[in-house]
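**Student:** Take a look at protein.txt, compact mmCIF, C-alpha atoms:
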```txt
# COMPACT_ATOMS: atom_id res chain seq x y z
CA MET A 1 -17.64 42.98 -66.84
CA GLN A 2 -20.81 44.41 -65.33
CA LYS A 3 -22.34 42.49 -62.45
CA ILE A 4 -25.88 41.21 -62.92
CA THR A 5 -26.85 42.77 -59.59
CA GLU A 6 -25.77 46.19 -60.91
CA SER A 7 -27.27 45.89 -64.40
CA GLU A 8 -30.00 48.16 -65.70
CA SER A 9 -33.56 47.42 -64.61
CA LEU A 10 -35.83 45.87 -67.21
CA TYR A 11 -38.33 48.63 -66.41
CA SER A 12 -38.11 52.33 -67.24
CA ASP A 13 -39.80 55.42 -65.78
CA LEU A 14 -40.68 53.80 -62.46
CA ASP A 15 -41.62 57.20 -61.09
CA LYS A 16 -44.37 57.49 -63.72
CA MET A 17 -45.99 54.15 -62.93
CA SER A 18 -49.29 53.84 -61.10
CA THR A 19 -49.43 52.04 -57.77
CA LEU A 20 -50.95 49.01 -59.49
CA GLU A 21 -48.17 48.97 -62.10
CA LEU A 22 -45.48 49.21 -59.44
CA LEU A 23 -46.90 46.39 -57.36
CA THR A 24 -47.59 44.16 -60.35
CA ASN A 25 -44.13 44.61 -61.82
CA ILE A 26 -42.33 44.09 -58.51
CA ASN A 27 -44.34 40.93 -57.98
CA HIS A 28 -43.50 39.77 -61.49
CA GLU A 29 -39.80 40.10 -60.72
CA ASP A 30 -40.17 38.40 -57.34
CA ALA A 31 -41.78 35.41 -59.07
CA LYS A 32 -38.43 34.73 -60.72
CA VAL A 33 -36.73 34.09 -57.39
CA HIS A 34 -38.00 30.59 -56.62
CA LEU A 35 -37.25 29.48 -60.19
CA ALA A 36 -33.65 30.63 -59.85
CA ILE A 37 -33.26 28.90 -56.49
CA ASN A 38 -34.71 25.68 -57.87
CA LYS A 39 -31.86 25.53 -60.39
CA ILE A 40 -29.20 25.51 -57.66
CA ILE A 41 -30.79 23.06 -55.22
CA PRO A 42 -28.08 20.45 -56.00
CA GLU A 43 -25.42 22.94 -54.87
CA ILE A 44 -27.40 23.81 -51.74
CA GLU A 45 -27.78 20.08 -51.04
CA LYS A 46 -24.01 19.54 -51.16
CA PHE A 47 -23.44 22.43 -48.78
CA VAL A 48 -26.11 21.26 -46.32
CA ASP A 49 -24.77 17.71 -46.26
CA ALA A 50 -21.20 18.90 -45.74
CA ALA A 51 -22.34 21.33 -43.02
CA PHE A 52 -24.34 18.58 -41.29
CA ASP A 53 -21.23 16.42 -41.06
CA ARG A 54 -19.56 19.26 -39.14
CA LEU A 55 -22.51 20.19 -36.93
CA LYS A 56 -23.28 16.63 -35.86
CA ASN A 57 -19.71 16.41 -34.59
CA GLY A 58 -19.84 19.58 -32.51
CA GLY A 59 -19.33 22.23 -35.16
CA ARG A 60 -21.23 25.50 -35.49
CA LEU A 61 -22.67 27.46 -38.41
CA PHE A 62 -21.63 31.08 -38.88
CA TYR A 63 -23.07 33.65 -41.27
CA ILE A 64 -21.18 36.81 -42.20
CA GLY A 65 -22.43 39.67 -44.35
CA ALA A 66 -22.78 43.42 -44.66
CA GLY A 67 -25.89 45.56 -45.01
CA THR A 68 -28.99 43.66 -46.14
CA SER A 69 -27.03 40.41 -46.44
CA GLY A 70 -25.73 40.72 -42.90
CA ARG A 71 -29.16 41.55 -41.50
CA ILE A 72 -30.72 38.52 -43.18
CA GLY A 73 -28.03 36.30 -41.70
CA VAL A 74 -28.59 37.72 -38.22
CA VAL A 75 -32.34 37.19 -38.50
CA ASP A 76 -32.02 33.57 -39.60
CA ALA A 77 -29.51 32.76 -36.87
CA SER A 78 -31.53 34.49 -34.15
CA GLU A 79 -34.65 32.49 -35.02
CA CYS A 80 -33.00 29.07 -34.59
CA PRO A 81 -32.95 28.95 -30.74
CA PRO A 82 -36.64 29.81 -30.20
CA THR A 83 -37.80 27.64 -33.09
CA PHE A 84 -35.64 24.58 -32.53
CA GLY A 85 -34.44 24.91 -28.93
CA VAL A 86 -30.76 24.92 -29.88
CA PRO A 87 -28.04 26.87 -28.04
CA HIS A 88 -27.58 30.47 -29.13
CA ASP A 89 -24.05 29.75 -30.30
CA LEU A 90 -24.95 26.91 -32.69
CA VAL A 91 -25.97 29.26 -35.51
CA VAL A 92 -24.34 32.69 -35.30
CA GLY A 93 -25.04 35.70 -37.51
CA ILE A 94 -22.39 38.42 -37.73
CA ILE A 95 -22.88 41.71 -39.55
CA ALA A 96 -20.19 44.18 -40.61
CA GLY A 97 -20.26 47.10 -38.21
CA GLY A 98 -21.60 45.05 -35.30
CA ASP A 99 -25.09 44.92 -33.86
CA ALA A 100 -25.56 48.68 -34.37
CA ALA A 101 -25.53 48.01 -38.12
CA ILE A 102 -28.69 45.90 -37.84
CA ARG A 103 -30.73 49.08 -37.52
CA LYS A 104 -28.50 51.75 -39.05
CA ALA A 105 -25.90 51.52 -41.78
CA VAL A 106 -22.32 51.82 -40.53
CA GLU A 107 -20.27 53.68 -43.11
CA PHE A 108 -17.46 51.74 -44.80
CA ALA A 109 -17.83 48.76 -42.42
CA GLU A 110 -18.06 46.40 -45.38
CA ASP A 111 -14.76 47.63 -46.83
CA ASN A 112 -12.54 46.27 -44.04
CA THR A 113 -10.99 42.97 -45.16
CA GLU A 114 -9.64 42.13 -41.69
CA GLN A 115 -12.66 42.86 -39.49
CA ALA A 116 -14.68 39.73 -40.27
CA TRP A 117 -11.91 37.49 -39.00
CA THR A 118 -11.56 39.65 -35.91
CA ASP A 119 -15.30 39.28 -35.31
CA LEU A 120 -15.23 35.51 -35.91
CA SER A 121 -12.21 35.06 -33.66
CA GLU A 122 -14.28 36.23 -30.70
CA TYR A 123 -16.16 32.94 -31.08
CA PHE A 124 -12.95 30.89 -31.35
CA ILE A 125 -13.97 29.59 -34.76
CA ASP A 126 -12.01 26.50 -35.79
CA SER A 127 -11.83 23.68 -38.32
CA LYS A 128 -14.92 21.93 -36.91
CA ASP A 129 -17.08 24.90 -37.93
CA VAL A 130 -18.91 26.11 -41.03
CA LEU A 131 -18.86 29.66 -42.43
CA LEU A 132 -21.31 30.97 -45.00
CA GLY A 133 -20.42 34.33 -46.50
CA ILE A 134 -23.41 36.28 -47.82
CA ALA A 135 -22.96 39.05 -50.38
CA ALA A 136 -25.30 39.78 -53.27
CA SER A 137 -22.43 41.29 -55.25
CA GLY A 138 -20.02 38.51 -54.37
CA SER A 139 -17.30 41.09 -53.88
CA THR A 140 -17.80 42.56 -50.38
CA PRO A 141 -14.32 42.90 -48.82
CA TYR A 142 -15.57 42.16 -45.29
CA VAL A 143 -17.02 38.83 -46.42
CA LEU A 144 -14.13 37.88 -48.71
CA GLY A 145 -11.59 38.52 -45.97
CA GLY A 146 -13.45 36.27 -43.56
CA ILE A 147 -13.82 33.45 -46.09
CA GLU A 148 -10.16 33.54 -47.10
CA LYS A 149 -8.94 33.36 -43.50
CA ALA A 150 -11.42 30.58 -42.70
CA ASN A 151 -10.14 28.53 -45.63
CA GLU A 152 -6.63 28.76 -44.22
CA ILE A 153 -7.57 26.91 -41.02
CA GLY A 154 -9.86 24.30 -42.59
CA VAL A 155 -13.27 25.80 -41.85
CA LEU A 156 -15.92 24.57 -44.30
CA THR A 157 -16.83 27.64 -46.35
CA GLY A 158 -19.78 28.57 -48.54
CA GLY A 159 -20.49 31.70 -50.53
CA LEU A 160 -24.02 32.94 -51.24
CA SER A 161 -24.09 35.58 -53.97
CA CYS A 162 -26.10 36.55 -57.03
CA ASN A 163 -23.32 37.09 -59.56
CA PRO A 164 -21.79 34.04 -61.28
CA ASN A 165 -18.01 33.57 -61.03
CA SER A 166 -17.76 36.29 -58.41
CA ALA A 167 -14.77 36.54 -56.10
CA LEU A 168 -16.88 35.01 -53.34
CA SER A 169 -17.93 32.04 -55.47
CA LEU A 170 -14.30 31.43 -56.38
CA ALA A 171 -13.03 31.75 -52.81
CA ALA A 172 -15.61 29.58 -51.03
CA LYS A 173 -15.54 25.79 -51.14
CA HIS A 174 -19.27 25.77 -51.92
CA ALA A 175 -20.67 28.41 -54.28
CA LEU A 176 -24.41 29.10 -54.02
CA CYS A 177 -25.43 31.50 -56.75
CA PRO A 178 -29.03 32.01 -57.90
CA ILE A 179 -29.10 34.03 -61.12
CA LEU A 180 -31.93 36.52 -60.68
CA GLY A 181 -31.43 39.11 -63.39
CA PRO A 182 -31.56 42.89 -62.82
CA GLU A 183 -33.35 44.33 -59.81
CA PHE A 184 -36.61 46.25 -60.33
CA VAL A 185 -34.87 49.34 -59.00
CA THR A 186 -31.43 49.23 -60.61
CA GLY A 187 -28.86 47.91 -58.14
CA SER A 188 -31.28 47.62 -55.20
CA THR A 189 -30.23 44.19 -53.97
CA ARG A 190 -32.52 44.41 -50.94
CA MET A 191 -35.19 43.27 -53.39
CA LYS A 192 -34.83 40.01 -55.36
CA SER A 193 -31.33 39.29 -54.09
CA GLY A 194 -32.38 39.79 -50.49
CA THR A 195 -35.46 37.63 -50.98
CA ALA A 196 -33.36 34.83 -52.48
CA GLN A 197 -30.87 35.03 -49.61
CA LYS A 198 -33.67 34.82 -47.04
CA LEU A 199 -35.23 31.81 -48.74
CA ILE A 200 -31.92 29.97 -49.08
CA LEU A 201 -30.95 30.58 -45.46
CA ASN A 202 -34.38 29.26 -44.41
CA MET A 203 -33.69 26.16 -46.48
CA ILE A 204 -30.21 25.65 -45.05
CA SER A 205 -30.95 26.20 -41.36
CA THR A 206 -34.28 24.36 -41.37
CA SER A 207 -32.83 21.35 -43.19
CA LEU A 208 -29.92 21.22 -40.76
CA MET A 209 -32.17 21.43 -37.71
CA ILE A 210 -34.36 18.62 -39.04
CA LYS A 211 -31.31 16.47 -39.79
CA LEU A 212 -30.04 17.18 -36.25
CA GLY A 213 -33.28 15.75 -34.84
CA ARG A 214 -34.89 19.01 -33.79
CA VAL A 215 -38.17 18.20 -35.55
CA GLN A 216 -40.32 15.11 -35.06
CA GLY A 217 -42.73 14.39 -37.88
CA ASN A 218 -43.45 17.98 -38.80
CA ARG A 219 -43.52 19.39 -35.25
CA MET A 220 -41.17 21.85 -33.53
CA VAL A 221 -40.86 19.66 -30.44
CA ASP A 222 -37.98 21.67 -28.94
CA MET A 223 -39.34 25.19 -29.47
CA GLN A 224 -38.96 27.65 -26.61
CA LEU A 225 -42.15 28.47 -24.73
CA SER A 226 -41.58 32.20 -24.92
CA ASN A 227 -45.16 33.44 -25.20
CA VAL A 228 -48.79 32.42 -24.67
CA LYS A 229 -49.25 31.44 -28.33
CA LEU A 230 -46.33 29.01 -28.23
CA VAL A 231 -47.46 27.50 -24.94
CA ASP A 232 -50.87 26.89 -26.48
CA ARG A 233 -49.33 25.41 -29.62
CA GLY A 234 -47.09 23.14 -27.55
CA ALA A 235 -49.96 22.01 -25.32
CA LYS A 236 -51.97 21.02 -28.38
CA MET A 237 -49.00 19.02 -29.69
CA VAL A 238 -48.73 17.16 -26.38
CA GLN A 239 -52.49 16.65 -26.28
CA GLU A 240 -52.48 15.18 -29.77
CA LYS A 241 -49.42 12.99 -29.19
CA LEU A 242 -50.56 11.54 -25.86
CA ASP A 243 -54.33 11.66 -26.43
CA ILE A 244 -54.95 13.40 -23.10
CA PRO A 245 -57.07 16.43 -22.10
CA TYR A 246 -55.75 19.86 -23.06
CA GLU A 247 -55.26 21.09 -19.47
CA GLU A 248 -53.31 17.99 -18.51
CA ALA A 249 -51.16 18.42 -21.61
CA ARG A 250 -50.53 22.07 -20.76
CA GLU A 251 -49.48 21.21 -17.21
CA LEU A 252 -47.07 18.58 -18.50
CA LEU A 253 -45.63 21.01 -21.01
CA LEU A 254 -45.01 23.73 -18.42
CA LYS A 255 -43.55 21.20 -15.98
CA TYR A 256 -41.03 19.75 -18.42
CA GLY A 257 -40.37 22.81 -20.58
CA SER A 258 -40.74 21.36 -24.07
CA VAL A 259 -43.00 19.16 -26.13
CA ARG A 260 -40.29 16.52 -26.42
CA ASN A 261 -39.64 16.35 -22.67
CA ALA A 262 -43.34 16.35 -21.82
CA VAL A 263 -44.02 13.40 -24.09
CA GLU A 264 -40.93 11.45 -23.02
CA ASN A 265 -41.66 11.91 -19.32
CA TYR A 266 -45.37 11.14 -19.46
```
Written as structure tokens, how would this file's structure read?

**Tutor:**
Amino acid sequence: MQKITESESLYSDLDKMSTLELLTNINHEDAKVHLAINKIIPEIEKFVDAAFDRLKNGGRLFYIGAGTSGRIGVVDASECPPTFGVPHDLVVGIIAGGDAAIRKAVEFAEDNTEQAWTDLSEYFIDSKDVLLGIAASGSTPYVLGGIEKANEIGVLTGGLSCNPNSALSLAAKHALCPILGPEFVTGSTRMKSGTAQKLILNMISTSLMIKLGRVQGNRMVDMQLSNVKLVDRGAKMVQEKLDIPYEEARELLLKYGSVRNAVENY
């Protein structure tokens, strides 16, 4: 049975389209992504709630993937510490082929069924943890191998793919599968599939960080003060919360290192 992600594009003669036609048609396909995700929010909810139960008791969240899927996982994981002030090992993104594969494809890295578990074992993954395998096809050997081994030791597993009833959906305890239809360029899953994966990971990690208390109201009170823009943003948060002059708020922020600490120690 042909996978949806590999099925023929709904559009022909792309190379004969004008720039306007290309952009319009790509955008038309992208508009389908949020509708597909909306249909699986109940499944995402179940995964987030189950993952939260692990993380609140000391567990960690791991992403594994190859190619585009792996890169998206690495990006989402790497953005959690600066945004929410969490340790770098709370959300971990692992890509087939290692960090070199973030920039350049590593040939056949995704075909090794044993390597994902080797990579995960470096973090001493155990039954307290959560593993989300990401593979648009749902059949990437690297991801499947990691999920299967994780299941054996009681890790909570999820599988994010774009083909229903894929091997990944069947192997993982939680199957997350937005049905997106064919890609604009046949088989190019860096497009709609990649967009859907990015959005869903945003939903998962952000929801978990909020549930873990890393947001107050709608403010990133634990964000790292890693540049001038963020220091200014944090100072304005402190100023607003405490109703004090901006310069005083900025001094407090720099003294205590975060919006939360500045407010609590005022």

**Student:** What are the nearest atom pairs, with distances in Å to one decimal, for all residues of range 126-219 of chain A that come at most 8 Å from range 43-55 of chain A, using all atoms listed in the file, set out by chain and rising residue number as a tab-separated table?

**Tutor:**
```
residue	atom	partner	partner_atom	distance
A:Lys128	CA	A:Arg54	CA	5.8
A:Asp129	CA	A:Arg54	CA	6.3
A:Val130	CA	A:Ala51	CA	6.2
A:Leu156	CA	A:Ala51	CA	7.3
A:Gly158	CA	A:Phe47	CA	7.2
A:His174	CA	A:Phe47	CA	6.2
A:Ala175	CA	A:Glu43	CA	7.3
A:Leu176	CA	A:Glu43	CA	6.3
A:Ile204	CA	A:Val48	CA	6.1
A:Ser207	CA	A:Val48	CA	7.4
A:Leu208	CA	A:Phe52	CA	6.2
A:Lys211	CA	A:Phe52	CA	7.4
A:Leu212	CA	A:Phe52	CA	7.7
```

**Student:** May I ask which of the residues A:Ile41, A:Leu61, A:Ala31, A:Met220 is the closest one to Met237 in chain A, counting all atoms listed in the file?

**Tutor:** A:Met220

**Student:** Between CA of Ala109 in chain A and CA of Met203 in chain A, what is the distance, to one decimal in Å?

**Tutor:**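 Between CA of Ala109 in chain A and CA of Met203 in chain A the gap is 27.9 Å.
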
**Student:** Report, in Å to a single decimal, how far apart CA of Thr68 in chain A and CA of Arg103 in chain A are.

**Tutor:**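 Going from CA of Arg103 in chain A over to CA of Thr68 in chain A, I get 10.3 Å.
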
**Student:** Which residue out of A:Cys80, A:Ile4, A:Ala249, A:Val33 has the minimum interatomic distance to Pro164 in chain A when only C-alpha atoms are used?

**Tutor:**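 Closest residue, counting only C-alpha atoms: A:Ile4.
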
**Student:** Can you measure CA of Pro182 in chain A to CA of Glu79 in chain A for me? One decimal in Å is fine.

**Tutor:** 29.8 Å

**Student:** Excluding same-chain residues fewer than 6 positions from Val86 in chain A, what lies within 9 Å of it counting only C-alpha atoms, as a PDB file with C-alpha atoms, keeping the file's coordinate frame?

**Tutor:**
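The resulting around-v1.pdb:
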```pdb
ATOM      1  CA  CYS A  80     -33.000  29.070 -34.590  1.00  0.00           C
ATOM      2  CA  MET A 209     -32.170  21.430 -37.710  1.00  0.00           C
ATOM      3  CA  ARG A 214     -34.890  19.010 -33.790  1.00  0.00           C
ATOM      4  CA  ASP A 222     -37.980  21.670 -28.940  1.00  0.00           C
ATOM      5  CA  MET A 223     -39.340  25.190 -29.470  1.00  0.00           C
TER       6      MET A 223
END
```

**Student:** Counting all atoms listed in the file, write as a PDB file with C-alpha atoms, keeping the file's coordinate frame all protein and nucleic acid residues lying at most 10 Å from (-34.5, 28.4, -59.4) in the file's frame.

**Tutor:**
```pdb
ATOM      1  CA  LYS A  32     -38.430  34.730 -60.720  1.00  0.00           C
ATOM      2  CA  VAL A  33     -36.730  34.090 -57.390  1.00  0.00           C
ATOM      3  CA  HIS A  34     -38.000  30.590 -56.620  1.00  0.00           C
ATOM      4  CA  LEU A  35     -37.250  29.480 -60.190  1.00  0.00           C
ATOM      5  CA  ALA A  36     -33.650  30.630 -59.850  1.00  0.00           C
ATOM      6  CA  ILE A  37     -33.260  28.900 -56.490  1.00  0.00           C
ATOM      7  CA  ASN A  38     -34.710  25.680 -57.870  1.00  0.00           C
ATOM      8  CA  LYS A  39     -31.860  25.530 -60.390  1.00  0.00           C
ATOM      9  CA  ILE A  40     -29.200  25.510 -57.660  1.00  0.00           C
ATOM     10  CA  ILE A  41     -30.790  23.060 -55.220  1.00  0.00           C
ATOM     11  CA  CYS A 177     -25.430  31.500 -56.750  1.00  0.00           C
ATOM     12  CA  PRO A 178     -29.030  32.010 -57.900  1.00  0.00           C
ATOM     13  CA  ILE A 179     -29.100  34.030 -61.120  1.00  0.00           C
ATOM     14  CA  LEU A 180     -31.930  36.520 -60.680  1.00  0.00           C
ATOM     15  CA  ALA A 196     -33.360  34.830 -52.480  1.00  0.00           C
TER      16      ALA A 196
END
```

**Student:** Nearest to Leu144 in chain A among A:Val91, A:Ile102, A:Leu20, A:Ala171, with distances taken over only C-alpha atoms: which residue is it?

**Tutor:** A:Ala171

**Student:** Just want the 6 Å neighbourhood of Gly159 in chain A, counted on all atoms listed in the file, with same-chain residues fewer than 5 positions away dropped. Output as a list in words.

**Tutor:**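 Counting only the stated atoms, we get Leu132, Gly133, Leu168, Ser169, Ala172, Ala175 and Leu176 of chain A.
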
**Student:** Find the residue from A:Glu110, A:Asp99, A:Asp232, A:Asp89 that sits nearest to Ile125 in chain A; use only C-alpha atoms when measuring.

**Tutor:** A:Asp89

**Student:** Counting only C-alpha atoms, which residues have an atom no more than 10 Å from (-37.2, 45.3, -68.4) in the file's coordinates? Please list them as a PyMOL selection string.

**Tutor:** chain A and resi 8-12+25+29+181-184

**Student:** Find, counting only C-alpha atoms, the residue in A:Ser166, A:Asn227, A:Thr195, A:Thr140 that gets nearest to Asn27 in chain A.

**Tutor:**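 Residue with the minimum atom-to-atom distance to Asn27 in chain A: A:Thr195.
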
**Student:** Can you sort out range 80-98 of chain A so it carries N, CA and C atoms, written as a short mmCIF file (atom, residue, chain, number, x, y, z; two decimals), in the coordinates of the input?

**Tutor:**
```
data_model
loop_
_atom_site.label_atom_id
_atom_site.label_comp_id
_atom_site.auth_asym_id
_atom_site.auth_seq_id
_atom_site.Cartn_x
_atom_site.Cartn_y
_atom_site.Cartn_z
N CYS A 80 -33.23 30.51 -34.82
CA CYS A 80 -33.00 29.07 -34.59
C CYS A 80 -33.22 28.65 -33.13
N PRO A 81 -32.71 29.38 -32.13
CA PRO A 81 -32.95 28.95 -30.74
C PRO A 81 -34.42 28.89 -30.34
N PRO A 82 -35.24 29.92 -30.60
CA PRO A 82 -36.64 29.81 -30.20
C PRO A 82 -37.42 28.77 -31.00
N THR A 83 -37.06 28.58 -32.25
CA THR A 83 -37.80 27.64 -33.09
C THR A 83 -37.42 26.20 -32.82
N PHE A 84 -36.12 25.96 -32.62
CA PHE A 84 -35.64 24.58 -32.53
C PHE A 84 -35.01 24.23 -31.18
N GLY A 85 -34.96 25.19 -30.26
CA GLY A 85 -34.44 24.91 -28.93
C GLY A 85 -32.96 24.62 -28.89
N VAL A 86 -32.21 25.15 -29.86
CA VAL A 86 -30.76 24.92 -29.88
C VAL A 86 -30.04 26.04 -29.13
N PRO A 87 -28.80 25.81 -28.71
CA PRO A 87 -28.04 26.87 -28.04
C PRO A 87 -27.86 28.08 -28.95
N HIS A 88 -27.71 29.24 -28.35
CA HIS A 88 -27.58 30.47 -29.13
C HIS A 88 -26.28 30.53 -29.92
N ASP A 89 -25.32 29.71 -29.57
CA ASP A 89 -24.05 29.75 -30.30
C ASP A 89 -23.93 28.65 -31.34
N LEU A 90 -25.02 27.94 -31.65
CA LEU A 90 -24.95 26.91 -32.69
C LEU A 90 -25.01 27.53 -34.08
N VAL A 91 -25.88 28.51 -34.26
CA VAL A 91 -25.97 29.26 -35.51
C VAL A 91 -25.78 30.73 -35.14
N VAL A 92 -24.73 31.33 -35.70
CA VAL A 92 -24.34 32.69 -35.30
C VAL A 92 -24.33 33.60 -36.52
N GLY A 93 -25.04 34.71 -36.44
CA GLY A 93 -25.04 35.70 -37.51
C GLY A 93 -24.20 36.91 -37.12
N ILE A 94 -23.27 37.28 -37.99
CA ILE A 94 -22.39 38.42 -37.73
C ILE A 94 -22.51 39.41 -38.88
N ILE A 95 -22.72 40.66 -38.54
CA ILE A 95 -22.88 41.71 -39.55
C ILE A 95 -21.74 42.72 -39.44
N ALA A 96 -21.24 43.16 -40.58
CA ALA A 96 -20.19 44.18 -40.61
C ALA A 96 -20.67 45.44 -39.90
N GLY A 97 -19.87 45.93 -38.98
CA GLY A 97 -20.26 47.10 -38.21
C GLY A 97 -20.87 46.77 -36.87
N GLY A 98 -21.05 45.46 -36.60
CA GLY A 98 -21.60 45.05 -35.30
C GLY A 98 -23.10 45.20 -35.22
#
```
